[in-house]
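*Asks:* Before anything else, here's the structure in question.
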There are 2 protein chains.
Amino acid sequence: MKNIISLCFLVACLPLIAVSQNIMPVPSSVQPGSGYLRIDSSFSLSIHGKKNQRIEAAVLRFLKRLSSQTGILLRIDGGRYNAAASLVIRYDTTPDSFPRLSEDESYSLHIAESGARLDAKTFAGVLYGLETFLQLVEVGADGFRARHVEIEDQPRFPWRGLLIDACRHWMPVEVIKRNLDGMAMVKMNVLHWHLSEDQGFRVESKKFPKLHELGSDGNYYTQREIREVITYAADRGIRVVPEFDMPGHTTAWFVGHPEIASGPGPYQIERKWGVFDPSMDPTSETTYKFLDTFIGEMAALFPDEYFHIGGDEVTGKQWDANPQIQEFKRKNNLNDNHALQVYFNRRVLAIVKKHGKKMIGWDEIFHPDLPKDIIVQSWRGQKFLAEGAKQGYQGLLSFGYYLDLIRPASYHYSIEPADSTIKSLSSDQQKKILGGESCMWAEYVTPENVDSRIWPRNAAIAERLWSVATTNDVDDMYRRLEITGKRLELLGLTHRTSYIQMLERIAGVQSIEPLKTFADVVEPVKGYERGRTRPHTSLTPMNRLVDAARPESDVARRFARLVEELIAGRISNDDKTLLVGFLKSWSDNDPKLQPMIAGNQLLDGIGPLSKDLSDAAAVGLRLVEIVSSSGKLANEDAISFKQVIERAEKPRAALLLMVVPSIKKLYTAVVQ
Amino acid sequence: MKNIISLCFLVACLPLIAVSQNIMPVPSSVQPGSGYLRIDSSFSLSIHGKKNQRIEAAVLRFLKRLSSQTGILLRIDGGRYNAAASLVIRYDTTPDSFPRLSEDESYSLHIAESGARLDAKTFAGVLYGLETFLQLVEVGADGFRARHVEIEDQPRFPWRGLLIDACRHWMPVEVIKRNLDGMAMVKMNVLHWHLSEDQGFRVESKKFPKLHELGSDGNYYTQREIREVITYAADRGIRVVPEFDMPGHTTAWFVGHPEIASGPGPYQIERKWGVFDPSMDPTSETTYKFLDTFIGEMAALFPDEYFHIGGDEVTGKQWDANPQIQEFKRKNNLNDNHALQVYFNRRVLAIVKKHGKKMIGWDEIFHPDLPKDIIVQSWRGQKFLAEGAKQGYQGLLSFGYYLDLIRPASYHYSIEPADSTIKSLSSDQQKKILGGESCMWAEYVTPENVDSRIWPRNAAIAERLWSVATTNDVDDMYRRLEITGKRLELLGLTHRTSYIQMLERIAGVQSIEPLKTFADVVEPVKGYERGRTRPHTSLTPMNRLVDAARPESDVARRFARLVEELIAGRISNDDKTLLVGFLKSWSDNDPKLQPMIAGNQLLDGIGPLSKDLSDAAAVGLRLVEIVSSSGKLANEDAISFKQVIERAEKPRAALLLMVVPSIKKLYTAVVQ
């Protein structure tokens, strides 16, 4: 009987579980079978549906990736109408020029003895089915294969976006492209491209060339590049929604065009971070004439039906200081600056509509006077979306999805767009919640490390927006996140390679080993703490340890698990060895790291933190001994240990030692 | 006194040594000073010399790399005639359209209180000076800086090449480009592009389109791509010498053009590796008419003055089997096939000359009847070059520089082009040795792992060809090779990232840790052994551990050093801990790795080798104990230990355990 169970475990049960578990986001329905489709150099593919260049290109990309994933040299061409092919793709409709909101994105993927079959109504469905297929490929005793399976899949929300801020730090086209590749892998479908800010205006305007010429330090996208990115995105089923934030966050516009500002100028590109006073003059017809021309130009450049006008964080100080604006408010019964901004929004909305677009804005634009076809994007939370939905407004959630705040993936994963507030709404009201967007604000990222802030954590948000709400096993999410991280790197994202390269820059010609041991267990401070450390401008080099450090320490998470098991008394011998090994390596690390810290500007302020880690680890080793022997901590040790732990908990050089909370747990378990 | 010495050690002496030691290849003369040039966002650059687009582009690339190396945002423009700039570049002549053999490549780079100054006669000198500058940049307490120094530098040999075989496996343009970047970093100046073979004809021919259409599986360079690569190379001071191997190694030509073959055909692209019989018909005027047209086309496409006709490995079997060819030999008093090939070479030489080129070929073309302006490239060795030089022929060394034979960098480094045979020649004869070329033959490499076979070992060959003959400290070469390897990766080479990605492919969704522990200590079999293992064709996937494994195990080299120190009785406690730690990790590894090996085709045959490693490491641990206690091995252990070591020495799955020779040294040290 034991043998039968083992056999089941090895041959059938484990793969049955595994087949769905390596897919991210998890599909709606996965029914595993019991055999495998062999994938070797004879792998063939056939397309059944109206001939279409975009679909052919997607199939070629798929074959190249399958080849790169397996190392098998495949014939890189997609045949047509060959029912005997290894993978037969059928679709109903060919793609429009550009993807649209609320297309049918479903697909079914059946892999069986006779081969694999992917059925989809639309191009989006084909793309998603191919992504899922790639995630099913594994290696077995006879080579590469995909397990027999029946998958039916569609997204929970139609709007699954990533915002990339290309303003606070410039993000060249290749950064955008590789992130579009990553988004497609996790089935995200909207790039929200944040294109203007106090710190930079990033799009070529042929109507107002001073916008990009004077507002960008030369770092802007040409209209040709914009079109190239939009096509690249459309090839991957991704819509591109531009954001031109107004009336605030507009300093860079005013360098070339002070005539639309509320204050006199002259203006310079803002170099600091924060919320600044310059804002458009909402009372001047010059402003609306300018915006009519500008939005007209951009509406023609960006084909998506939505146009984001930002609308957030207007301080109102320039308005208060301008007598003409004050006079205008009085005349028009606009009682406060919010009312004035609503007036501005209505005027802009009319322009946006005139140019054939629907308007989106941040929380602040919401006002019951506005028509119902706007979308409100909330950085404040679900209850604000619920309020809007009750009044008929569509909404997107970004609260809880700010990648720049360096929260763990588990935090983002826990943010449910349809939370209890939303669930209390009527079914029709609930449908107003279109989905959400993760946000990569760029104060503290450059092209070098931006991928490491987006990936792989963004995949957890993508899953939250795609998979059913009951998909919420955090451990399993992390397991798949690690696999997804590797797949993303193979696709061209740099979240892992940049980590090593940045550590090597810091280490210079020295070995990075002690630095990596240390860096592996630190994380940047959370939330808005970073801005409260040393002063930063847009010109500050982002080459310190805090810039290299990952948003989430895998080692610390692993260590936390080991500590929990030790305290619960169920740790294995191997894991105990691992736990002690970790602590020993940290305890020994400080003397190895200090020589590198000395005389290295890039490690300024790291010295005490390195010492803290070694001290805390030494305490940890003692605590492990006491826990293991079910002992209790002597009183004199209790005081000194507590001091060490409390010191090590404090952030330094904008970094946190992520293993300290677990060492504190050991302490709590044995303190009397 | 002790304090003064320490101070000297820390402040002055160490940097004095280090300043030259991080440069690869080592310059002719380095005189370090005692201060530093600060490198921050105010870094500026000025060009003094006739305005030239190629020089401006080189300067922009330099600034981008300096920025990427430091993380400092630099103004990416090169000013002109500003004597106060941080780096002032002066040059005498602007570059020709394309680089030429034996240009003045010297430069001087002086970094002093007043700033840095780079003087060069030619574009090549400017490029090399900029590469050296980048290698001087380091981080200090106040940020990035370059130490004051006076460097005078020029190469020992004018021809420093890398051959890339793009035929046996196809190498797309991006592979060639990133390797050109790497070559420029180590001051190599010739790309020898091997473009036709039995397994593929890789250039678009407009005169004979069947050559690439039928001879390449669609994998060929368009003429536009060829021009693009030539320009890319010229921008980096690198000449591009094409090789069209003839009359043998020509199967792929004959698929479209059987009329120039010596045998009847039909022909198919060769899929196996080896030396094959098909060769051109040297007796037919059709052949020479064809070659006249073809070489004319290629001579116009490739601007370099040299044209490589291969000429190696003609089996002669097709000639022997062809009665007309036999008849021709008799009529023309050509006594053997070598004489027939000499006849062919003279005819081809006339064609090459007619189209304005000088001819190069492999050893086999050498014949005292040929005129003196040919170059012979020797895969056989220096004495063959010496023979040629005596008779007035110029020569290039490739013997000892075959990267595909997976020899250590120290081996390549030891191959001196001007060895004692050459040194015995007259000074004029010695000058006939123009330099050498490393060769990346492509039987067992793909675009995925080719960088790992070229780099960083190729940098050791580059240094041998650039630096003075007395630069031959192997330990120091390895130290700088590691630094150079990191720099190359930052430049875009993939020798390190591909290693991890290939291991991850093998590991699938599992952690790569035990696989990496194992892979870190193995190397592919050496020389031509690989071809004697399992059968390979050009379609065999290159996705096994042997394809991922590095040509040289850094861990094994480090371990060997520790063992030597232990045996010599001078090992430190820390190093002893490291040594035992290595052995323990290997000894424990097999049980962790075996579950991955089971049922994984990509690890076929690895099981016994993994077991061998753990067994040998367990023996190693015992031996370390005995050595440490100055004991001797008991006789019964001697027999069993020897068996374990001998078994572990044997290659399996085309892999060698590189730590076993060191364990054997421990054994030898204590066996009675």
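Ligands are numbered from 1 in the order shown, chains are lettered A, B, ... in the order of the structure tokens, and residues start at 1 in each chain.
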What are the nearest atom pairs, with distances in Å to one decimal, for all residues of chain A that come at most 8 Å from chain B, using only C-alpha atoms, set out by chain and rising residue number as a tab-separated table?
*Replies:*
```
residue	atom	partner	partner_atom	distance
A:Asn22	CA	B:Val509	CA	7.8
A:Gln69	CA	B:Arg505	CA	6.8
A:Thr70	CA	B:Arg505	CA	7.0
A:Gly71	CA	B:Asn543	CA	5.3
A:Ile72	CA	B:Pro541	CA	4.9
A:Leu73	CA	B:Pro541	CA	6.4
A:Glu138	CA	B:Gly508	CA	6.5
A:Val139	CA	B:Asn600	CA	6.1
A:Gly140	CA	B:Asn600	CA	4.8
A:Ala141	CA	B:Gly599	CA	4.0
A:Asp142	CA	B:Gln601	CA	5.5
A:Gly143	CA	B:Gln601	CA	5.1
A:Ile483	CA	B:Val509	CA	5.9
A:Lys486	CA	B:Glu504	CA	7.8
A:Leu490	CA	B:Gln501	CA	7.0
A:Thr497	CA	B:Thr497	CA	7.3
A:Gln501	CA	B:Leu490	CA	7.0
A:Glu504	CA	B:Lys486	CA	7.8
A:Arg505	CA	B:Gln69	CA	6.8
A:Ile506	CA	B:Val139	CA	7.6
A:Gly508	CA	B:Glu138	CA	6.5
A:Val509	CA	B:Ile483	CA	6.0
A:Leu539	CA	B:Leu73	CA	6.6
A:Thr540	CA	B:Ile72	CA	7.7
A:Pro541	CA	B:Ile72	CA	4.9
A:Met542	CA	B:Gly71	CA	6.3
A:Asn543	CA	B:Gly71	CA	5.3
A:Ala598	CA	B:Ala141	CA	7.4
A:Gly599	CA	B:Ala141	CA	4.0
A:Asn600	CA	B:Ala141	CA	4.5
A:Gln601	CA	B:Ala141	CA	4.5
A:Leu602	CA	B:Gly143	CA	7.1
```
*Asks:* According to DSSP computed on the backbone, where in stretch 55-283 of chain B is there strand (DSSP E or B)? Give the residues as an mmCIF file with N, CA, C and O atoms, in the first residue's frame.
*Replies:*
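This is the output file selection_28.cif:
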```cif
data_model
loop_
_atom_site.group_PDB
_atom_site.id
_atom_site.type_symbol
_atom_site.label_atom_id
_atom_site.label_comp_id
_atom_site.auth_asym_id
_atom_site.auth_seq_id
_atom_site.Cartn_x
_atom_site.Cartn_y
_atom_site.Cartn_z
ATOM 1 N N GLY B 79 32.101 68.556 -25.845
ATOM 2 C CA GLY B 79 32.403 69.923 -26.253
ATOM 3 C C GLY B 79 33.656 69.939 -27.111
ATOM 4 O O GLY B 79 34.316 68.917 -27.312
ATOM 5 N N ARG B 80 33.990 71.091 -27.638
ATOM 6 C CA ARG B 80 35.186 71.197 -28.485
ATOM 7 C C ARG B 80 36.057 72.358 -27.997
ATOM 8 O O ARG B 80 35.569 73.406 -27.627
ATOM 9 N N LEU B 87 38.460 66.032 -19.379
ATOM 10 C CA LEU B 87 39.246 65.177 -20.282
ATOM 11 C C LEU B 87 39.372 65.879 -21.626
ATOM 12 O O LEU B 87 38.365 66.175 -22.275
ATOM 13 N N VAL B 88 40.613 66.153 -21.999
ATOM 14 C CA VAL B 88 40.881 66.814 -23.284
ATOM 15 C C VAL B 88 41.475 65.776 -24.236
ATOM 16 O O VAL B 88 42.462 65.119 -23.907
ATOM 17 N N ILE B 89 40.861 65.635 -25.387
ATOM 18 C CA ILE B 89 41.306 64.639 -26.366
ATOM 19 C C ILE B 89 41.904 65.372 -27.567
ATOM 20 O O ILE B 89 41.256 66.237 -28.153
ATOM 21 N N ARG B 90 43.151 65.023 -27.897
ATOM 22 C CA ARG B 90 43.780 65.621 -29.089
ATOM 23 C C ARG B 90 44.181 64.506 -30.046
ATOM 24 O O ARG B 90 44.690 63.481 -29.614
ATOM 25 N N TYR B 91 43.982 64.758 -31.337
ATOM 26 C CA TYR B 91 44.406 63.765 -32.331
ATOM 27 C C TYR B 91 44.894 64.493 -33.568
ATOM 28 O O TYR B 91 44.519 65.639 -33.816
ATOM 29 N N TYR B 107 48.815 55.726 -28.111
ATOM 30 C CA TYR B 107 48.169 56.865 -27.455
ATOM 31 C C TYR B 107 48.931 57.169 -26.172
ATOM 32 O O TYR B 107 49.666 56.304 -25.669
ATOM 33 N N SER B 108 48.752 58.368 -25.669
ATOM 34 C CA SER B 108 49.232 58.629 -24.314
ATOM 35 C C SER B 108 48.089 59.238 -23.524
ATOM 36 O O SER B 108 47.303 60.042 -24.052
ATOM 37 N N LEU B 109 47.975 58.811 -22.299
ATOM 38 C CA LEU B 109 46.899 59.273 -21.424
ATOM 39 C C LEU B 109 47.531 59.774 -20.134
ATOM 40 O O LEU B 109 48.157 59.000 -19.406
ATOM 41 N N HIS B 110 47.404 61.061 -19.906
ATOM 42 C CA HIS B 110 47.963 61.658 -18.689
ATOM 43 C C HIS B 110 46.816 62.203 -17.852
ATOM 44 O O HIS B 110 46.041 63.023 -18.328
ATOM 45 N N ILE B 111 46.745 61.734 -16.634
ATOM 46 C CA ILE B 111 45.730 62.262 -15.720
ATOM 47 C C ILE B 111 46.476 62.968 -14.595
ATOM 48 O O ILE B 111 47.342 62.362 -13.950
ATOM 49 N N ALA B 112 46.173 64.241 -14.410
ATOM 50 C CA ALA B 112 46.915 65.034 -13.422
ATOM 51 C C ALA B 112 45.957 66.018 -12.760
ATOM 52 O O ALA B 112 44.759 66.041 -13.052
ATOM 53 N N GLY B 115 43.669 67.941 -14.880
ATOM 54 C CA GLY B 115 42.682 67.231 -15.701
ATOM 55 C C GLY B 115 43.332 66.080 -16.445
ATOM 56 O O GLY B 115 44.504 65.772 -16.223
ATOM 57 N N ALA B 116 42.568 65.465 -17.311
ATOM 58 C CA ALA B 116 43.080 64.320 -18.063
ATOM 59 C C ALA B 116 43.304 64.743 -19.509
ATOM 60 O O ALA B 116 42.556 65.550 -20.060
ATOM 61 N N ARG B 117 44.347 64.175 -20.100
ATOM 62 C CA ARG B 117 44.662 64.525 -21.480
ATOM 63 C C ARG B 117 44.999 63.264 -22.252
ATOM 64 O O ARG B 117 45.861 62.481 -21.863
ATOM 65 N N LEU B 118 44.283 63.080 -23.339
ATOM 66 C CA LEU B 118 44.497 61.905 -24.191
ATOM 67 C C LEU B 118 45.031 62.395 -25.529
ATOM 68 O O LEU B 118 44.367 63.181 -26.213
ATOM 69 N N ASP B 119 46.257 61.948 -25.873
ATOM 70 C CA ASP B 119 46.844 62.329 -27.157
ATOM 71 C C ASP B 119 47.036 61.100 -28.029
ATOM 72 O O ASP B 119 47.549 60.082 -27.560
ATOM 73 N N ALA B 120 46.636 61.232 -29.286
ATOM 74 C CA ALA B 120 46.812 60.105 -30.198
ATOM 75 C C ALA B 120 47.008 60.636 -31.603
ATOM 76 O O ALA B 120 46.542 61.728 -31.938
ATOM 77 N N VAL B 137 38.626 54.133 -13.851
ATOM 78 C CA VAL B 137 37.634 54.755 -12.973
ATOM 79 C C VAL B 137 37.303 53.829 -11.805
ATOM 80 O O VAL B 137 37.049 52.641 -11.996
ATOM 81 N N GLU B 138 37.325 54.391 -10.605
ATOM 82 C CA GLU B 138 37.040 53.602 -9.413
ATOM 83 C C GLU B 138 36.242 54.468 -8.447
ATOM 84 O O GLU B 138 36.121 55.673 -8.648
ATOM 85 N N VAL B 139 35.715 53.850 -7.384
ATOM 86 C CA VAL B 139 34.973 54.633 -6.419
ATOM 87 C C VAL B 139 35.816 54.824 -5.163
ATOM 88 O O VAL B 139 36.538 53.912 -4.743
ATOM 89 N N GLY B 140 35.766 56.026 -4.620
ATOM 90 C CA GLY B 140 36.478 56.332 -3.378
ATOM 91 C C GLY B 140 35.529 56.957 -2.382
ATOM 92 O O GLY B 140 34.310 56.978 -2.602
ATOM 93 N N GLY B 143 33.446 59.653 -3.886
ATOM 94 C CA GLY B 143 32.730 59.337 -5.111
ATOM 95 C C GLY B 143 33.672 58.759 -6.149
ATOM 96 O O GLY B 143 34.764 58.284 -5.811
ATOM 97 N N PHE B 144 33.252 58.823 -7.395
ATOM 98 C CA PHE B 144 34.063 58.217 -8.457
ATOM 99 C C PHE B 144 35.248 59.102 -8.803
ATOM 100 O O PHE B 144 35.212 60.326 -8.656
ATOM 101 N N ARG B 145 36.305 58.461 -9.289
ATOM 102 C CA ARG B 145 37.562 59.170 -9.528
ATOM 103 C C ARG B 145 38.464 58.318 -10.416
ATOM 104 O O ARG B 145 38.231 57.119 -10.577
ATOM 105 N N ALA B 146 39.468 58.971 -10.988
ATOM 106 C CA ALA B 146 40.509 58.245 -11.738
ATOM 107 C C ALA B 146 41.842 58.717 -11.199
ATOM 108 O O ALA B 146 42.082 59.922 -11.051
ATOM 109 N N ARG B 147 42.708 57.767 -10.914
ATOM 110 C CA ARG B 147 43.974 58.133 -10.286
ATOM 111 C C ARG B 147 44.890 58.859 -11.272
ATOM 112 O O ARG B 147 44.884 58.562 -12.463
ATOM 113 N N HIS B 148 45.654 59.800 -10.756
ATOM 114 C CA HIS B 148 46.654 60.457 -11.593
ATOM 115 C C HIS B 148 47.635 59.423 -12.126
ATOM 116 O O HIS B 148 48.084 58.532 -11.383
ATOM 117 N N VAL B 149 47.962 59.548 -13.391
ATOM 118 C CA VAL B 149 48.784 58.515 -14.018
ATOM 119 C C VAL B 149 49.324 59.052 -15.337
ATOM 120 O O VAL B 149 48.739 59.958 -15.950
ATOM 121 N N GLU B 150 50.475 58.533 -15.739
ATOM 122 C CA GLU B 150 50.972 58.799 -17.096
ATOM 123 C C GLU B 150 51.099 57.470 -17.809
ATOM 124 O O GLU B 150 51.896 56.616 -17.403
ATOM 125 N N ILE B 151 50.311 57.306 -18.824
ATOM 126 C CA ILE B 151 50.325 56.040 -19.577
ATOM 127 C C ILE B 151 50.776 56.316 -21.002
ATOM 128 O O ILE B 151 50.286 57.248 -21.652
ATOM 129 N N GLU B 152 51.778 55.537 -21.437
ATOM 130 C CA GLU B 152 52.174 55.536 -22.847
ATOM 131 C C GLU B 152 51.920 54.125 -23.335
ATOM 132 O O GLU B 152 52.343 53.169 -22.699
ATOM 133 N N ASP B 153 51.270 54.005 -24.455
ATOM 134 C CA ASP B 153 50.836 52.652 -24.821
ATOM 135 C C ASP B 153 50.781 52.476 -26.330
ATOM 136 O O ASP B 153 50.396 53.393 -27.058
ATOM 137 N N TRP B 159 48.106 42.991 -35.795
ATOM 138 C CA TRP B 159 46.932 42.203 -36.196
ATOM 139 C C TRP B 159 46.478 41.380 -34.982
ATOM 140 O O TRP B 159 47.139 40.432 -34.578
ATOM 141 N N ARG B 160 45.354 41.797 -34.393
ATOM 142 C CA ARG B 160 44.848 41.137 -33.183
ATOM 143 C C ARG B 160 43.382 40.794 -33.428
ATOM 144 O O ARG B 160 42.500 41.647 -33.306
ATOM 145 N N GLY B 161 43.173 39.548 -33.821
ATOM 146 C CA GLY B 161 41.849 39.210 -34.349
ATOM 147 C C GLY B 161 41.084 38.163 -33.559
ATOM 148 O O GLY B 161 41.633 37.419 -32.745
ATOM 149 N N LEU B 162 39.797 38.146 -33.846
ATOM 150 C CA LEU B 162 38.910 37.088 -33.351
ATOM 151 C C LEU B 162 38.152 36.552 -34.559
ATOM 152 O O LEU B 162 37.561 37.324 -35.315
ATOM 153 N N LEU B 163 38.227 35.222 -34.740
ATOM 154 C CA LEU B 163 37.433 34.583 -35.786
ATOM 155 C C LEU B 163 36.104 34.151 -35.181
ATOM 156 O O LEU B 163 36.080 33.491 -34.135
ATOM 157 N N ILE B 164 35.030 34.529 -35.834
ATOM 158 C CA ILE B 164 33.716 34.001 -35.446
ATOM 159 C C ILE B 164 33.148 33.210 -36.618
ATOM 160 O O ILE B 164 33.002 33.732 -37.726
ATOM 161 N N ASP B 165 32.865 31.953 -36.329
ATOM 162 C CA ASP B 165 32.274 31.045 -37.316
ATOM 163 C C ASP B 165 30.756 31.211 -37.224
ATOM 164 O O ASP B 165 30.148 30.817 -36.233
ATOM 165 N N VAL B 190 40.670 43.073 -35.411
ATOM 166 C CA VAL B 190 40.220 42.368 -36.623
ATOM 167 C C VAL B 190 39.112 41.373 -36.285
ATOM 168 O O VAL B 190 39.301 40.491 -35.436
ATOM 169 N N LEU B 191 37.972 41.517 -36.935
ATOM 170 C CA LEU B 191 36.968 40.458 -36.914
ATOM 171 C C LEU B 191 37.165 39.615 -38.152
ATOM 172 O O LEU B 191 37.017 40.096 -39.276
ATOM 173 N N HIS B 192 37.556 38.357 -37.946
ATOM 174 C CA HIS B 192 37.679 37.395 -39.040
ATOM 175 C C HIS B 192 36.344 36.661 -39.073
ATOM 176 O O HIS B 192 36.020 35.907 -38.167
ATOM 177 N N TRP B 193 35.578 36.946 -40.115
ATOM 178 C CA TRP B 193 34.185 36.482 -40.166
ATOM 179 C C TRP B 193 34.114 35.280 -41.097
ATOM 180 O O TRP B 193 34.210 35.436 -42.326
ATOM 181 N N HIS B 194 33.932 34.126 -40.507
ATOM 182 C CA HIS B 194 33.911 32.863 -41.266
ATOM 183 C C HIS B 194 32.500 32.661 -41.811
ATOM 184 O O HIS B 194 31.578 32.328 -41.073
ATOM 185 N N LEU B 195 32.338 32.827 -43.115
ATOM 186 C CA LEU B 195 31.011 33.045 -43.696
ATOM 187 C C LEU B 195 30.495 31.921 -44.582
ATOM 188 O O LEU B 195 29.333 31.974 -45.016
ATOM 189 N N SER B 196 31.333 30.952 -44.887
ATOM 190 C CA SER B 196 30.791 29.835 -45.670
ATOM 191 C C SER B 196 31.411 28.533 -45.195
ATOM 192 O O SER B 196 32.560 28.491 -44.774
ATOM 193 N N GLU B 197 30.624 27.496 -45.266
ATOM 194 C CA GLU B 197 31.011 26.199 -44.715
ATOM 195 C C GLU B 197 30.164 25.101 -45.360
ATOM 196 O O GLU B 197 29.178 25.391 -46.032
ATOM 197 N N GLY B 200 26.667 25.759 -44.019
ATOM 198 C CA GLY B 200 25.878 26.959 -44.271
ATOM 199 C C GLY B 200 26.641 28.004 -45.061
ATOM 200 O O GLY B 200 27.847 28.194 -44.866
ATOM 201 N N PHE B 201 25.904 28.665 -45.944
ATOM 202 C CA PHE B 201 26.454 29.793 -46.694
ATOM 203 C C PHE B 201 25.717 31.018 -46.195
ATOM 204 O O PHE B 201 24.498 31.117 -46.329
ATOM 205 N N VAL B 203 26.024 34.611 -46.515
ATOM 206 C CA VAL B 203 25.960 35.980 -47.042
ATOM 207 C C VAL B 203 25.033 36.027 -48.247
ATOM 208 O O VAL B 203 25.099 35.150 -49.110
ATOM 209 N N TYR B 221 23.226 36.724 -43.668
ATOM 210 C CA TYR B 221 23.286 38.178 -43.525
ATOM 211 C C TYR B 221 22.924 38.816 -44.847
ATOM 212 O O TYR B 221 23.496 38.453 -45.882
ATOM 213 N N ARG B 239 38.756 46.107 -38.156
ATOM 214 C CA ARG B 239 38.650 45.690 -39.548
ATOM 215 C C ARG B 239 37.810 44.418 -39.620
ATOM 216 O O ARG B 239 37.815 43.610 -38.702
ATOM 217 N N VAL B 240 37.139 44.241 -40.740
ATOM 218 C CA VAL B 240 36.359 43.017 -40.950
ATOM 219 C C VAL B 240 36.931 42.279 -42.147
ATOM 220 O O VAL B 240 36.904 42.792 -43.271
ATOM 221 N N VAL B 241 37.490 41.108 -41.886
ATOM 222 C CA VAL B 241 38.058 40.285 -42.953
ATOM 223 C C VAL B 241 37.125 39.096 -43.177
ATOM 224 O O VAL B 241 36.932 38.284 -42.278
ATOM 225 N N PRO B 242 36.529 38.994 -44.368
ATOM 226 C CA PRO B 242 35.632 37.871 -44.615
ATOM 227 C C PRO B 242 36.425 36.636 -45.011
ATOM 228 O O PRO B 242 37.465 36.736 -45.662
ATOM 229 N N GLU B 243 35.932 35.478 -44.603
ATOM 230 C CA GLU B 243 36.511 34.233 -45.110
ATOM 231 C C GLU B 243 35.463 33.457 -45.879
ATOM 232 O O GLU B 243 34.378 33.180 -45.360
ATOM 233 N N PHE B 244 35.811 33.128 -47.120
ATOM 234 C CA PHE B 244 35.017 32.179 -47.904
ATOM 235 C C PHE B 244 35.924 30.997 -48.179
ATOM 236 O O PHE B 244 36.825 31.068 -49.021
ATOM 237 N N ALA B 261 31.173 21.959 -58.423
ATOM 238 C CA ALA B 261 31.688 20.891 -57.561
ATOM 239 C C ALA B 261 32.474 19.860 -58.371
ATOM 240 O O ALA B 261 32.315 19.757 -59.584
ATOM 241 N N LYS B 272 26.121 17.237 -40.295
ATOM 242 C CA LYS B 272 27.054 16.637 -39.338
ATOM 243 C C LYS B 272 28.298 17.524 -39.195
ATOM 244 O O LYS B 272 28.492 18.468 -39.943
ATOM 245 N N MET B 280 35.431 22.168 -54.652
ATOM 246 C CA MET B 280 35.260 22.768 -55.970
ATOM 247 C C MET B 280 36.109 22.042 -57.001
ATOM 248 O O MET B 280 37.141 21.465 -56.680
#
```
*Asks:* Using only C-alpha atoms, which residues sit within 9 Å of stretch 300-306 of chain B once same-chain residues fewer than 4 positions away are excluded, as a count of residues only?
*Replies:* 21
*Asks:* List the neighbours of stretch 463-470 of chain A out to 8 Å using only C-alpha atoms; skip same-chain residues closer than 6 positions along the sequence, and give me the result as number ranges by chain.
*Replies:* A: 24-28, 154-157, 160, 186-187, 413, 415-417, 435-436
*Asks:* Counting only C-alpha atoms, which residue out of A:Tyr81, A:Pro408, A:Asn337, A:Asn472 sits closest to A:Lys50?
*Replies:*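 For A:Lys50, the nearest of the given residues is A:Tyr81.
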*Asks:* Could you give me, as a ChimeraX atom specification, the residues within 12 Å of B:Lys51, counting only C-alpha atoms and dropping anything in the same chain fewer than 2 positions from it?
*Replies:* /B:46-49,53-57,78-81,90-95,123
*Asks:* Applying 12 Å and only C-alpha atoms, which residues near B:Leu493 remain after dropping the ones on its own chain fewer than 3 positions away? List them as a PyMOL selection string.
*Replies:* chain B and resi 174-183+185+447-456+484-490+496-499
*Asks:* Would you list, as a count of residues only, the residues of stretch 37-188 of chain A that end up in alpha helix (DSSP H) under DSSP run on this structure's backbone?
*Replies:* 45
*Asks:* Using only C-alpha atoms for the distances, tell me which of A:Glu523, A:Glu625, A:Glu327, A:Glu225 is nearest to A:Arg407.
*Replies:*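 Residue with the minimum atom-to-atom distance to A:Arg407: A:Glu523.
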*Asks:* Find the distance between atom CA of A:Ser410 and atom CA of A:Val580 and write it in Å to one decimal.
*Replies:*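 Atom-to-atom, atom CA of A:Ser410 and atom CA of A:Val580 are spaced 26.2 Å apart.
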*Asks:* Which of these residues is nearest to A:Ala519, using only C-alpha atoms: A:Leu657, A:Asp476, A:Ala83, A:Leu623?
*Replies:*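 Closest to A:Ala519 of all the choices is A:Leu657.
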